[in-house]
Amino acid sequence: MKADTQIRQQIFRKIRRIPSEKLNDLNDYLSKLEQTSDKSSKTLSFAGSWNNIDESAFDELTKNLISNRNRNTRRFDE
């Protein structure tokens, strides 16, 4: 597997060879990649957050999940 620096150098070389009229397309694609990685990192930031949750609190959340969702109308209004 190539090191990050080698891969980045290869990408930079390829970018220099791209015609000017294609640079906007490349920029749009890179923006989409950034957005995708931002979303996954935000989601992953919650990993393990329920690790040390009190058992009674966990039971309360899971047993009443359906009724809590039914009461939450915000998600339908968005």
# chains A, B, ... in the order shown; residues from 1 in each chain; ligands from 1
$ select_by_dssp --residues "chain A" --states "helix (DSSP H, G or I)" --output "PyMOL selection string"
chain A and resi 4-17+20-44+55-63+65-71+74-77
